[in-house]
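Enquirer: My structure is in upload04.cif, and what it holds is mmCIF, C-alpha atoms:
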data_query
#
loop_
_atom_site.group_PDB
_atom_site.id
_atom_site.type_symbol
_atom_site.label_atom_id
_atom_site.label_comp_id
_atom_site.auth_asym_id
_atom_site.auth_seq_id
_atom_site.Cartn_x
_atom_site.Cartn_y
_atom_site.Cartn_z
ATOM 1 C CA MET A 1 -1.934 -5.330 -21.418
ATOM 2 C CA LYS A 2 1.354 -6.741 -20.173
ATOM 3 C CA ALA A 3 4.563 -5.033 -19.205
ATOM 4 C CA LYS A 4 7.859 -6.866 -19.078
ATOM 5 C CA VAL A 5 10.411 -5.184 -16.851
ATOM 6 C CA PHE A 6 14.081 -6.181 -16.838
ATOM 7 C CA VAL A 7 16.204 -5.120 -13.881
ATOM 8 C CA SER A 8 19.965 -5.473 -13.823
ATOM 9 C CA LEU A 9 22.914 -4.181 -11.869
ATOM 10 C CA LYS A 10 24.479 -1.037 -13.321
ATOM 11 C CA LYS A 11 27.546 -1.640 -15.467
ATOM 12 C CA SER A 12 29.672 0.120 -12.841
ATOM 13 C CA VAL A 13 28.570 -2.331 -10.141
ATOM 14 C CA LEU A 14 30.341 -5.646 -9.645
ATOM 15 C CA ASP A 15 28.024 -8.614 -10.208
ATOM 16 C CA PRO A 16 29.529 -11.561 -8.306
ATOM 17 C CA GLN A 17 26.712 -13.913 -9.343
ATOM 18 C CA GLY A 18 27.129 -13.083 -13.024
ATOM 19 C CA LYS A 19 30.887 -13.573 -12.677
ATOM 20 C CA THR A 20 30.420 -16.989 -11.075
ATOM 21 C CA ILE A 21 28.002 -18.087 -13.800
ATOM 22 C CA HIS A 22 30.453 -16.828 -16.403
ATOM 23 C CA THR A 23 33.279 -18.874 -14.877
ATOM 24 C CA SER A 24 31.072 -21.992 -14.800
ATOM 25 C CA LEU A 25 30.101 -21.541 -18.442
ATOM 26 C CA ARG A 26 33.757 -21.227 -19.407
ATOM 27 C CA ASN A 27 34.554 -24.365 -17.396
ATOM 28 C CA LEU A 28 31.784 -26.190 -19.281
ATOM 29 C CA GLY A 29 33.450 -25.280 -22.535
ATOM 30 C CA TYR A 30 31.274 -22.360 -23.646
ATOM 31 C CA SER A 31 34.376 -20.462 -24.654
ATOM 32 C CA SER A 32 32.513 -17.853 -26.704
ATOM 33 C CA VAL A 33 30.884 -16.341 -23.610
ATOM 34 C CA GLU A 34 32.579 -13.020 -22.879
ATOM 35 C CA ASP A 35 30.523 -11.813 -19.927
ATOM 36 C CA VAL A 36 27.375 -12.634 -17.939
ATOM 37 C CA ARG A 37 25.221 -10.214 -15.971
ATOM 38 C CA GLN A 38 22.443 -11.584 -13.800
ATOM 39 C CA GLY A 39 19.215 -9.665 -13.379
ATOM 40 C CA LYS A 40 15.510 -9.913 -12.556
ATOM 41 C CA PHE A 41 12.471 -10.131 -14.771
ATOM 42 C CA PHE A 42 8.951 -8.977 -13.858
ATOM 43 C CA GLU A 43 5.785 -9.561 -15.851
ATOM 44 C CA ILE A 44 3.129 -7.053 -14.839
ATOM 45 C CA SER A 45 -0.478 -7.267 -15.998
ATOM 46 C CA LEU A 46 -2.074 -3.870 -16.395
ATOM 47 C CA ASP A 47 -5.624 -2.655 -16.753
ATOM 48 C CA SER A 48 -6.186 -2.934 -20.514
ATOM 49 C CA SER A 49 -8.174 0.315 -20.641
ATOM 50 C CA LEU A 50 -4.941 2.264 -19.964
ATOM 51 C CA SER A 51 -3.530 4.167 -22.906
ATOM 52 C CA ARG A 52 -0.081 3.064 -24.015
ATOM 53 C CA LEU A 53 1.420 6.334 -22.802
ATOM 54 C CA ASP A 54 -0.223 6.029 -19.364
ATOM 55 C CA ALA A 55 0.940 2.436 -19.133
ATOM 56 C CA GLN A 56 4.498 3.506 -19.875
ATOM 57 C CA LYS A 57 4.355 6.208 -17.238
ATOM 58 C CA GLU A 58 2.907 3.787 -14.690
ATOM 59 C CA VAL A 59 5.538 1.117 -15.402
ATOM 60 C CA GLU A 60 8.372 3.632 -15.174
ATOM 61 C CA ARG A 61 7.067 4.890 -11.825
ATOM 62 C CA ILE A 62 6.769 1.338 -10.500
ATOM 63 C CA ALA A 63 10.215 0.366 -11.748
ATOM 64 C CA ARG A 64 11.823 3.475 -10.324
ATOM 65 C CA SER A 65 10.157 3.507 -6.909
ATOM 66 C CA VAL A 66 9.857 -0.198 -6.116
ATOM 67 C CA LEU A 67 11.411 -2.680 -8.544
ATOM 68 C CA THR A 68 14.881 -1.122 -8.585
ATOM 69 C CA ASN A 69 17.254 0.435 -6.148
ATOM 70 C CA PRO A 70 18.639 3.305 -8.260
ATOM 71 C CA VAL A 71 21.921 3.256 -6.344
ATOM 72 C CA ILE A 72 22.891 -0.093 -7.871
ATOM 73 C CA GLU A 73 20.309 -1.062 -10.489
ATOM 74 C CA GLU A 74 18.861 0.048 -13.813
ATOM 75 C CA PHE A 75 15.881 -1.174 -15.800
ATOM 76 C CA SER A 76 14.369 -1.467 -19.225
ATOM 77 C CA TYR A 77 10.837 -2.527 -20.208
ATOM 78 C CA GLU A 78 8.542 -3.585 -23.008
ATOM 79 C CA ILE A 79 4.790 -3.186 -23.187
ATOM 80 C CA GLU A 80 2.730 -5.617 -25.240
ATOM 81 C CA MET B 1 13.546 6.973 28.606
ATOM 82 C CA LYS B 2 12.104 4.216 26.456
ATOM 83 C CA PHE B 3 13.540 2.107 23.620
ATOM 84 C CA GLY B 4 11.373 0.742 20.836
ATOM 85 C CA VAL B 5 12.229 -2.368 18.819
ATOM 86 C CA ILE B 6 10.416 -2.647 15.501
ATOM 87 C CA ILE B 7 9.066 -5.998 14.347
ATOM 88 C CA PHE B 8 8.441 -6.760 10.679
ATOM 89 C CA PRO B 9 7.134 -10.102 9.465
ATOM 90 C CA GLY B 10 10.415 -11.995 9.165
ATOM 91 C CA SER B 11 12.423 -10.059 11.759
ATOM 92 C CA ASN B 12 14.300 -12.533 13.949
ATOM 93 C CA CYS B 13 16.644 -10.574 16.194
ATOM 94 C CA GLU B 14 14.041 -8.476 17.989
ATOM 95 C CA HIS B 15 14.047 -10.592 21.158
ATOM 96 C CA ASP B 16 17.847 -10.479 21.392
ATOM 97 C CA VAL B 17 17.768 -6.672 21.195
ATOM 98 C CA TYR B 18 14.847 -6.538 23.641
ATOM 99 C CA HIS B 19 16.807 -8.746 26.067
ATOM 100 C CA THR B 20 19.929 -6.614 25.773
ATOM 101 C CA ILE B 21 18.076 -3.374 26.508
ATOM 102 C CA GLY B 22 15.594 -4.720 29.056
ATOM 103 C CA LYS B 23 17.559 -7.368 30.944
ATOM 104 C CA VAL B 24 21.238 -6.571 30.446
ATOM 105 C CA LEU B 25 20.948 -2.781 30.628
ATOM 106 C CA GLN B 26 17.732 -2.700 32.699
ATOM 107 C CA GLN B 27 16.143 0.013 30.567
ATOM 108 C CA PRO B 28 12.494 0.330 29.499
ATOM 109 C CA VAL B 29 11.878 -1.236 26.109
ATOM 110 C CA GLU B 30 8.865 -2.271 24.057
ATOM 111 C CA PHE B 31 8.100 -3.833 20.706
ATOM 112 C CA ILE B 32 6.569 -1.779 17.900
ATOM 113 C CA TRP B 33 4.618 -3.668 15.212
ATOM 114 C CA HIS B 34 5.294 -2.753 11.589
ATOM 115 C CA GLN B 35 1.665 -1.705 11.088
ATOM 116 C CA SER B 36 1.929 0.913 13.820
ATOM 117 C CA ARG B 37 1.676 4.497 12.634
ATOM 118 C CA ASP B 38 3.540 5.914 15.607
ATOM 119 C CA LEU B 39 6.491 4.974 17.785
ATOM 120 C CA ALA B 40 4.561 4.768 21.086
ATOM 121 C CA GLY B 41 6.505 7.644 22.612
ATOM 122 C CA CYS B 42 9.854 5.880 22.331
ATOM 123 C CA ASP B 43 13.026 7.966 22.632
ATOM 124 C CA ALA B 44 15.174 5.638 20.542
ATOM 125 C CA VAL B 45 14.229 3.122 17.878
ATOM 126 C CA ILE B 46 16.067 -0.030 16.870
ATOM 127 C CA VAL B 47 15.386 -1.757 13.562
ATOM 128 C CA PRO B 48 16.566 -5.314 14.242
ATOM 129 C CA GLY B 49 18.009 -7.979 11.991
ATOM 130 C CA GLY B 50 16.232 -10.800 10.218
ATOM 131 C CA PHE B 51 14.594 -11.208 6.851
ATOM 132 C CA ALA B 52 11.831 -8.588 6.801
ATOM 133 C CA TYR B 53 9.138 -9.675 4.311
ATOM 134 C CA GLY B 54 11.373 -12.612 3.407
ATOM 135 C CA ASP B 55 13.833 -10.181 1.805
ATOM 136 C CA TYR B 56 11.589 -10.448 -1.270
ATOM 137 C CA LEU B 57 12.560 -8.251 -4.207
ATOM 138 C CA ARG B 58 15.646 -6.877 -2.398
ATOM 139 C CA THR B 59 16.672 -6.878 1.241
ATOM 140 C CA GLY B 60 14.653 -4.180 2.982
ATOM 141 C CA ALA B 61 12.801 -3.197 -0.192
ATOM 142 C CA ILE B 62 9.306 -4.101 1.004
ATOM 143 C CA ALA B 63 9.818 -3.243 4.680
ATOM 144 C CA ARG B 64 10.589 0.288 3.655
ATOM 145 C CA PHE B 65 6.927 0.789 2.656
ATOM 146 C CA SER B 66 5.541 -0.362 6.043
ATOM 147 C CA PRO B 67 3.390 2.176 7.889
ATOM 148 C CA VAL B 68 5.862 2.250 10.782
ATOM 149 C CA MET B 69 8.637 3.468 8.495
ATOM 150 C CA GLU B 70 6.792 6.751 7.928
ATOM 151 C CA ALA B 71 6.904 7.280 11.680
ATOM 152 C CA VAL B 72 10.596 6.322 11.726
ATOM 153 C CA ASN B 73 11.278 8.848 8.947
ATOM 154 C CA ARG B 74 9.561 11.625 10.903
ATOM 155 C CA PHE B 75 11.346 10.588 14.094
ATOM 156 C CA ALA B 76 14.747 10.598 12.362
ATOM 157 C CA ALA B 77 14.038 14.025 10.845
ATOM 158 C CA ARG B 78 13.453 15.332 14.392
ATOM 159 C CA ASP B 79 16.895 14.021 15.446
ATOM 160 C CA GLY B 80 15.507 10.894 17.145
ATOM 161 C CA LEU B 81 18.018 8.064 17.602
ATOM 162 C CA VAL B 82 17.588 5.268 15.065
ATOM 163 C CA LEU B 83 19.848 2.193 15.029
ATOM 164 C CA GLY B 84 19.548 -0.322 12.193
ATOM 165 C CA ILE B 85 21.305 -3.657 12.677
ATOM 166 C CA CYS B 86 22.023 -5.958 9.721
ATOM 167 C CA ASN B 87 18.661 -6.310 7.948
ATOM 168 C CA GLY B 88 17.717 -3.132 9.857
ATOM 169 C CA PHE B 89 20.672 -1.387 8.192
ATOM 170 C CA GLN B 90 19.506 -2.683 4.804
ATOM 171 C CA ILE B 91 16.016 -1.308 5.501
ATOM 172 C CA LEU B 92 17.405 2.131 6.446
ATOM 173 C CA LEU B 93 19.370 2.158 3.164
ATOM 174 C CA GLU B 94 16.287 1.289 1.130
ATOM 175 C CA ALA B 95 14.310 3.924 3.033
ATOM 176 C CA GLY B 96 16.892 6.526 2.078
ATOM 177 C CA LEU B 97 17.699 7.346 5.711
ATOM 178 C CA LEU B 98 21.284 6.353 4.947
ATOM 179 C CA PRO B 99 23.113 6.566 1.596
ATOM 180 C CA GLY B 100 24.206 3.566 -0.471
ATOM 181 C CA ALA B 101 22.982 0.030 -1.040
ATOM 182 C CA MET B 102 23.916 -3.546 -0.199
ATOM 183 C CA LEU B 103 25.130 -6.020 -2.777
ATOM 184 C CA ARG B 104 25.444 -9.755 -2.341
ATOM 185 C CA ASN B 105 28.631 -10.768 -0.502
ATOM 186 C CA LYS B 106 31.619 -10.881 -2.810
ATOM 187 C CA GLY B 107 32.249 -14.557 -1.947
ATOM 188 C CA LEU B 108 28.554 -15.370 -2.629
ATOM 189 C CA LYS B 109 28.375 -17.109 0.747
ATOM 190 C CA TYR B 110 26.356 -16.308 3.820
ATOM 191 C CA VAL B 111 28.959 -15.086 6.317
ATOM 192 C CA CYS B 112 28.269 -15.958 9.950
ATOM 193 C CA ARG B 113 31.145 -15.483 12.377
ATOM 194 C CA HIS B 114 32.782 -13.093 14.809
ATOM 195 C CA VAL B 115 34.643 -10.248 13.135
ATOM 196 C CA TYR B 116 36.591 -7.256 14.386
ATOM 197 C CA VAL B 117 35.435 -3.739 13.660
ATOM 198 C CA ARG B 118 37.353 -0.566 14.375
ATOM 199 C CA VAL B 119 35.477 2.408 15.781
ATOM 200 C CA GLU B 120 36.183 5.263 13.363
ATOM 201 C CA ALA B 121 34.401 8.027 15.254
ATOM 202 C CA ALA B 122 33.343 8.356 18.880
ATOM 203 C CA ASP B 123 31.374 11.574 18.375
ATOM 204 C CA THR B 124 28.036 9.855 17.773
ATOM 205 C CA PRO B 125 25.281 8.908 20.240
ATOM 206 C CA PHE B 126 26.042 5.269 19.364
ATOM 207 C CA THR B 127 29.788 5.273 20.020
ATOM 208 C CA SER B 128 30.302 7.966 22.677
ATOM 209 C CA ARG B 129 31.372 5.391 25.278
ATOM 210 C CA ALA B 130 34.012 3.960 22.927
ATOM 211 C CA GLN B 131 37.345 5.412 21.898
ATOM 212 C CA LYS B 132 38.216 6.279 18.344
ATOM 213 C CA GLY B 133 40.387 3.421 17.051
ATOM 214 C CA GLN B 134 39.000 0.925 19.575
ATOM 215 C CA VAL B 135 38.506 -2.555 18.120
ATOM 216 C CA LEU B 136 35.320 -4.454 18.956
ATOM 217 C CA CYS B 137 34.707 -8.171 18.455
ATOM 218 C CA ILE B 138 31.124 -8.539 17.201
ATOM 219 C CA PRO B 139 29.524 -11.276 15.061
ATOM 220 C CA VAL B 140 28.096 -10.777 11.584
ATOM 221 C CA GLY B 141 25.501 -12.981 9.895
ATOM 222 C CA HIS B 142 24.464 -11.897 6.432
ATOM 223 C CA MET B 143 24.300 -12.645 2.708
ATOM 224 C CA GLU B 144 24.092 -9.018 1.535
ATOM 225 C CA GLY B 145 26.653 -6.982 3.435
ATOM 226 C CA ASN B 146 28.740 -5.804 0.521
ATOM 227 C CA TYR B 147 28.209 -2.073 0.975
ATOM 228 C CA PHE B 148 28.241 -0.044 -2.217
ATOM 229 C CA VAL B 149 27.928 3.647 -2.964
ATOM 230 C CA ASP B 150 29.156 5.834 -5.808
ATOM 231 C CA SER B 151 32.627 7.331 -5.378
ATOM 232 C CA GLU B 152 31.337 10.874 -4.933
ATOM 233 C CA THR B 153 29.057 9.882 -2.048
ATOM 234 C CA LEU B 154 31.834 7.766 -0.538
ATOM 235 C CA GLN B 155 34.046 10.825 -0.524
ATOM 236 C CA GLN B 156 31.297 12.804 1.232
ATOM 237 C CA LEU B 157 30.930 10.033 3.816
ATOM 238 C CA GLU B 158 34.675 10.109 4.457
ATOM 239 C CA ASN B 159 34.851 13.910 4.583
ATOM 240 C CA ASN B 160 31.977 14.105 7.057
ATOM 241 C CA HIS B 161 33.355 11.221 9.146
ATOM 242 C CA GLN B 162 30.169 9.243 8.600
ATOM 243 C CA VAL B 163 31.966 5.904 8.380
ATOM 244 C CA ILE B 164 31.632 4.727 11.984
ATOM 245 C CA PHE B 165 32.824 1.097 11.804
ATOM 246 C CA ARG B 166 35.280 -0.626 9.474
ATOM 247 C CA TYR B 167 36.153 -4.308 9.333
ATOM 248 C CA SER B 168 39.650 -4.648 10.754
ATOM 249 C CA SER B 169 42.111 -7.113 12.212
ATOM 250 C CA ALA B 170 42.210 -7.645 15.987
ATOM 251 C CA GLU B 171 44.991 -5.056 16.001
ATOM 252 C CA GLY B 172 42.865 -2.514 14.128
ATOM 253 C CA GLU B 173 44.489 -2.828 10.707
ATOM 254 C CA ILE B 174 42.173 -2.264 7.745
ATOM 255 C CA THR B 175 43.052 -4.766 5.023
ATOM 256 C CA GLU B 176 41.230 -6.579 2.263
ATOM 257 C CA ALA B 177 41.979 -9.898 3.949
ATOM 258 C CA VAL B 178 39.794 -9.034 6.958
ATOM 259 C CA ASN B 179 36.890 -7.782 4.844
ATOM 260 C CA PRO B 180 34.236 -10.521 5.153
ATOM 261 C CA ASN B 181 31.989 -9.443 2.274
ATOM 262 C CA GLY B 182 33.786 -7.157 -0.173
ATOM 263 C CA SER B 183 32.285 -4.028 1.366
ATOM 264 C CA LEU B 184 33.611 -0.767 -0.085
ATOM 265 C CA ALA B 185 36.427 0.711 2.042
ATOM 266 C CA ASN B 186 35.814 -2.091 4.594
ATOM 267 C CA ILE B 187 32.669 -0.259 5.695
ATOM 268 C CA ALA B 188 30.755 -2.086 8.431
ATOM 269 C CA GLY B 189 28.628 0.832 9.644
ATOM 270 C CA ILE B 190 27.758 4.397 8.675
ATOM 271 C CA CYS B 191 25.704 7.230 10.118
ATOM 272 C CA ASN B 192 23.723 10.011 8.492
ATOM 273 C CA HIS B 193 24.925 13.590 8.227
ATOM 274 C CA SER B 194 23.231 14.638 11.494
ATOM 275 C CA ARG B 195 24.696 11.554 13.233
ATOM 276 C CA ASN B 196 21.395 10.413 14.783
ATOM 277 C CA VAL B 197 20.832 7.467 12.423
ATOM 278 C CA LEU B 198 23.319 4.585 12.388
ATOM 279 C CA GLY B 199 23.316 1.412 10.321
ATOM 280 C CA MET B 200 25.709 -1.460 10.973
ATOM 281 C CA MET B 201 26.040 -5.009 9.658
ATOM 282 C CA PRO B 202 27.554 -6.606 12.799
ATOM 283 C CA HIS B 203 25.112 -7.618 15.540
ATOM 284 C CA PRO B 204 26.053 -5.850 18.809
ATOM 285 C CA GLU B 205 23.128 -7.549 20.605
ATOM 286 C CA ARG B 206 24.839 -10.892 19.939
ATOM 287 C CA ALA B 207 27.931 -9.595 21.731
ATOM 288 C CA SER B 208 26.327 -8.048 24.783
ATOM 289 C CA GLU B 209 27.164 -10.576 27.517
ATOM 290 C CA ALA B 210 30.363 -12.488 28.286
ATOM 291 C CA ILE B 211 28.462 -15.786 28.078
ATOM 292 C CA LEU B 212 27.866 -15.081 24.373
ATOM 293 C CA GLY B 213 31.613 -15.039 23.729
ATOM 294 C CA SER B 214 31.940 -11.268 23.676
ATOM 295 C CA ASP B 215 30.330 -8.337 25.441
ATOM 296 C CA GLU B 216 32.068 -5.760 23.305
ATOM 297 C CA GLY B 217 28.902 -4.825 21.426
ATOM 298 C CA LEU B 218 27.220 -3.633 24.592
ATOM 299 C CA ILE B 219 29.096 -0.338 24.378
ATOM 300 C CA ILE B 220 26.829 0.708 21.502
ATOM 301 C CA PHE B 221 23.664 0.339 23.570
ATOM 302 C CA GLU B 222 25.384 1.902 26.607
ATOM 303 C CA SER B 223 26.304 4.878 24.443
ATOM 304 C CA MET B 224 22.662 5.245 23.376
ATOM 305 C CA VAL B 225 21.522 5.134 27.009
ATOM 306 C CA SER B 226 24.085 7.839 27.869
ATOM 307 C CA ALA B 227 22.847 9.986 25.000
ATOM 308 C CA LEU B 228 19.243 9.670 26.152
ATOM 309 C CA VAL B 229 20.080 10.356 29.821
ATOM 310 C CA HIS B 230 22.036 13.376 28.698
ATOM 311 C CA SER B 231 19.159 14.730 26.608
ATOM 312 C CA GLN B 232 16.588 14.459 29.414
#
Please lay out the structure from this file as structure tokens.
Expert:
Amino acid sequence: MKAKVFVSLKKSVLDPQGKTIHTSLRNLGYSSVEDVRQGKFFEISLDSSLSRLDAQKEVERIARSVLTNPVIEEFSYEIE
Amino acid sequence: MKFGVIIFPGSNCEHDVYHTIGKVLQQPVEFIWHQSRDLAGCDAVIVPGGFAYGDYLRTGAIARFSPVMEAVNRFAARDGLVLGICNGFQILLEAGLLPGAMLRNKGLKYVCRHVYVRVEAADTPFTSRAQKGQVLCIPVGHMEGNYFVDSETLQQLENNHQVIFRYSSAEGEITEAVNPNGSLANIAGICNHSRNVLGMMPHPERASEAILGSDEGLIIFESMVSALVHSQ
């Protein structure tokens, strides 16, 4: 079983890297780009005997306690 | 009296701090390895700068789970003096010993130069030898020094006078132009509510002898020595 966790800065937090990428894209002529936010992606392999519900709980705990700093970041995830 | 300097894999300012305490101030000091489960009877602990655990994941994020940090947490809860410098500050934030978090510098560049910071409060064990409003010339060297906290917590920090250092001009003016990293309210250092834990981005150990270009950071370590002498 695999979990994909996406971590990004909260909307209320300035993302200077995303802003810089956005500016570069505009300079390259990608005029349709309205905003860019940079984040992190984690692929976590889990014990396949876990139930889907237990896997969700485990991933949420991991994301909350380690993968994100809740002061500045938020996360979403998929389990497949 | 004994100072302890914690070493994580990737710390790189521990010898500078050790030198400042041991040689410049002639006080007992020893290193504490990150795997240690106690603080070897130290009366003050310094979490030095560097790149603990390579700054993997986030600055300070992995260091926070080191065995020694449990001992630091207990020590801080008993009003022990804890000073976090640069990466040490980032570790104390991740550990929840201080509020807020560090973002990448606004200019996206590693900033390494002498800056001025204004002492905002002298009623801490780290600034008792300084005057409120005094300006200190101390170098910074960091990529993530852009302090962030939600507005409610910022207000609490201001109300409780927990902002201890702000980036300023040489004359002590607080302006955006002198802010090296985009830090909220020009914050360069904060303490906890009980005022026994301080985190600061500038490196006072790099400004502790005239030969280094400034000895104005020494006052922070001298203040800690005074506090410990006083408590004995």
Enquirer: Identify all chain A residues at most 7 Å from chain B by counting all atoms listed in the file; ligands do not count. Present them as a PyMOL selection string.
Expert: chain A and resi 16+71-72
Enquirer: Decode the PyMOL selection byres ((chain B and resi 141) around 6) for the given file into explicit residues and return them as a list of chain:residue names.
Expert: B:Val111, B:Cys112, B:Val140, B:His142
Enquirer: Since we have the selection now, will you write its residues out, keeping C-alpha atoms, as a CSV table (one decimal), keeping the file's coordinate frame?
Expert:
chain,number,residue,atom,x,y,z
B,111,VAL,CA,29.0,-15.1,6.3
B,112,CYS,CA,28.3,-16.0,10.0
B,140,VAL,CA,28.1,-10.8,11.6
B,142,HIS,CA,24.5,-11.9,6.4
Enquirer: Given the PyMOL selection byres ((chain A and resi 17-29) around 12) and the file above, list the residues it selects as a list in words.
Expert: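 Against this file, the PyMOL selection byres ((chain A and resi 17-29) around 12) returns the residues Ser8, Leu9, Lys11, Val13, Leu14, Asp15, Pro16, Tyr30, Ser31, Ser32, Val33, Glu34, Asp35, Val36, Arg37, Gln38 and Gly39 of chain A; Leu103, Arg104, Asn105, Lys106, Gly107, Leu108 and Lys109 of chain B.
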Enquirer: The residues within 9 Å of (0.4, -5.6, -24.5), using all atoms listed in the file and the coordinates of the file, should be reported as a PyMOL selection string; which are they?
Expert: chain A and resi 1-3+45-46+48+52+78-80
Enquirer: Store the residues picked out above in a file with C-alpha atoms, as a PDB file, in the coordinates of the input.
Expert:
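And here is the file that came out, out08.pdb:
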ATOM      1  CA  MET A   1      -1.934  -5.330 -21.418  1.00  0.00           C
ATOM      2  CA  LYS A   2       1.354  -6.741 -20.173  1.00  0.00           C
ATOM      3  CA  ALA A   3       4.563  -5.033 -19.205  1.00  0.00           C
ATOM      4  CA  SER A  45      -0.478  -7.267 -15.998  1.00  0.00           C
ATOM      5  CA  LEU A  46      -2.074  -3.870 -16.395  1.00  0.00           C
ATOM      6  CA  SER A  48      -6.186  -2.934 -20.514  1.00  0.00           C
ATOM      7  CA  ARG A  52      -0.081   3.064 -24.015  1.00  0.00           C
ATOM      8  CA  GLU A  78       8.542  -3.585 -23.008  1.00  0.00           C
ATOM      9  CA  ILE A  79       4.790  -3.186 -23.187  1.00  0.00           C
ATOM     10  CA  GLU A  80       2.730  -5.617 -25.240  1.00  0.00           C
TER      11      GLU A  80
END
Enquirer: Translate the PyMOL selection byres ((chain B and resi 72-81) around 7), as applied to the file shown, into an explicit residue set as an NGL selection string.
Expert: :B and (43-45 or 68-71 or 82-83 or 196-197)
Enquirer: Could the residues in this selection be saved with C-alpha atoms as a compact mmCIF listing (two decimals), keeping the file's coordinate frame?
Expert:
# COMPACT_ATOMS: atom_id res chain seq x y z
CA ASP B 43 13.03 7.97 22.63
CA ALA B 44 15.17 5.64 20.54
CA VAL B 45 14.23 3.12 17.88
CA VAL B 68 5.86 2.25 10.78
CA MET B 69 8.64 3.47 8.49
CA GLU B 70 6.79 6.75 7.93
CA ALA B 71 6.90 7.28 11.68
CA VAL B 82 17.59 5.27 15.06
CA LEU B 83 19.85 2.19 15.03
CA ASN B 196 21.40 10.41 14.78
CA VAL B 197 20.83 7.47 12.42
Enquirer: CA of His15 in chain B and CA of Val66 in chain A, how far apart in Å?
Expert: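 Going from CA of Val66 in chain A over to CA of His15 in chain B, I get 29.5 Å.
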Enquirer: Report as lines of an AutoDock Vina configuration file the centre and the edge lengths, in Å to one decimal, of the axis-aligned box holding every listed atom of range 63-82 of chain B, padded by 5 Å on each side.
Expert:
center_x = 10.7
center_y = 6.0
center_z = 10.1
size_x = 24.6
size_y = 28.6
size_z = 24.9
Enquirer: May I ask for the distance between CA of Arg118 in chain B and CA of Gly213 in chain B, given in Å to one decimal place?
Expert: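 Between CA of Arg118 in chain B and CA of Gly213 in chain B the gap works out to 18.2 Å.
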Enquirer: Report as a list of chain:residue names all protein, DNA and RNA residues lying within 10 Å of Thr175 in chain B, evaluated on only C-alpha atoms, omitting residues in the same chain fewer than 3 positions from it.
Expert: B:Arg166, B:Tyr167, B:Ser168, B:Ser169, B:Gly172, B:Val178, B:Asn179, B:Ala185, B:Asn186
Enquirer: Would you save the residues of that selection, restricted to C-alpha atoms, as a compact mmCIF listing (two decimals), in the coordinates of the input?
Expert:
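What landed in out-v2.txt:
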# COMPACT_ATOMS: atom_id res chain seq x y z
CA ARG B 166 35.28 -0.63 9.47
CA TYR B 167 36.15 -4.31 9.33
CA SER B 168 39.65 -4.65 10.75
CA SER B 169 42.11 -7.11 12.21
CA GLY B 172 42.86 -2.51 14.13
CA VAL B 178 39.79 -9.03 6.96
CA ASN B 179 36.89 -7.78 4.84
CA ALA B 185 36.43 0.71 2.04
CA ASN B 186 35.81 -2.09 4.59
Enquirer: With the input short on atoms, add N, CA, C and O atoms back to range 185-193 of chain B and write it as a PDB file, in the frame of the given file.
Expert:
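Writing the result to rebuild.pdb gives the following:
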ATOM      1  N   ALA B 185      35.630   0.061   0.994  1.00  0.00           N
ATOM      2  CA  ALA B 185      36.427   0.711   2.042  1.00  0.00           C
ATOM      3  C   ALA B 185      36.271   0.019   3.404  1.00  0.00           C
ATOM      4  O   ALA B 185      36.372   0.664   4.450  1.00  0.00           O
ATOM      5  N   ASN B 186      35.993  -1.274   3.368  1.00  0.00           N
ATOM      6  CA  ASN B 186      35.814  -2.091   4.594  1.00  0.00           C
ATOM      7  C   ASN B 186      34.697  -1.558   5.496  1.00  0.00           C
ATOM      8  O   ASN B 186      34.708  -1.764   6.712  1.00  0.00           O
ATOM      9  N   ILE B 187      33.727  -0.894   4.893  1.00  0.00           N
ATOM     10  CA  ILE B 187      32.669  -0.259   5.695  1.00  0.00           C
ATOM     11  C   ILE B 187      31.766  -1.305   6.343  1.00  0.00           C
ATOM     12  O   ILE B 187      31.217  -2.185   5.680  1.00  0.00           O
ATOM     13  N   ALA B 188      31.645  -1.196   7.675  1.00  0.00           N
ATOM     14  CA  ALA B 188      30.755  -2.086   8.431  1.00  0.00           C
ATOM     15  C   ALA B 188      29.578  -1.314   9.014  1.00  0.00           C
ATOM     16  O   ALA B 188      28.560  -1.909   9.385  1.00  0.00           O
ATOM     17  N   GLY B 189      29.715   0.014   9.099  1.00  0.00           N
ATOM     18  CA  GLY B 189      28.628   0.832   9.644  1.00  0.00           C
ATOM     19  C   GLY B 189      28.811   2.294   9.303  1.00  0.00           C
ATOM     20  O   GLY B 189      29.941   2.792   9.272  1.00  0.00           O
ATOM     21  N   ILE B 190      27.704   2.963   8.991  1.00  0.00           N
ATOM     22  CA  ILE B 190      27.758   4.397   8.675  1.00  0.00           C
ATOM     23  C   ILE B 190      26.630   5.121   9.408  1.00  0.00           C
ATOM     24  O   ILE B 190      25.641   4.509   9.816  1.00  0.00           O
ATOM     25  N   CYS B 191      26.797   6.426   9.554  1.00  0.00           N
ATOM     26  CA  CYS B 191      25.704   7.230  10.118  1.00  0.00           C
ATOM     27  C   CYS B 191      25.299   8.287   9.100  1.00  0.00           C
ATOM     28  O   CYS B 191      25.980   8.495   8.097  1.00  0.00           O
ATOM     29  N   ASN B 192      24.176   8.947   9.385  1.00  0.00           N
ATOM     30  CA  ASN B 192      23.723  10.011   8.492  1.00  0.00           C
ATOM     31  C   ASN B 192      24.473  11.305   8.817  1.00  0.00           C
ATOM     32  O   ASN B 192      25.282  11.352   9.749  1.00  0.00           O
ATOM     33  N   HIS B 193      24.196  12.338   8.056  1.00  0.00           N
ATOM     34  CA  HIS B 193      24.925  13.590   8.227  1.00  0.00           C
ATOM     35  C   HIS B 193      24.713  14.180   9.614  1.00  0.00           C
ATOM     36  O   HIS B 193      25.641  14.708  10.225  1.00  0.00           O
TER      37      HIS B 193
END
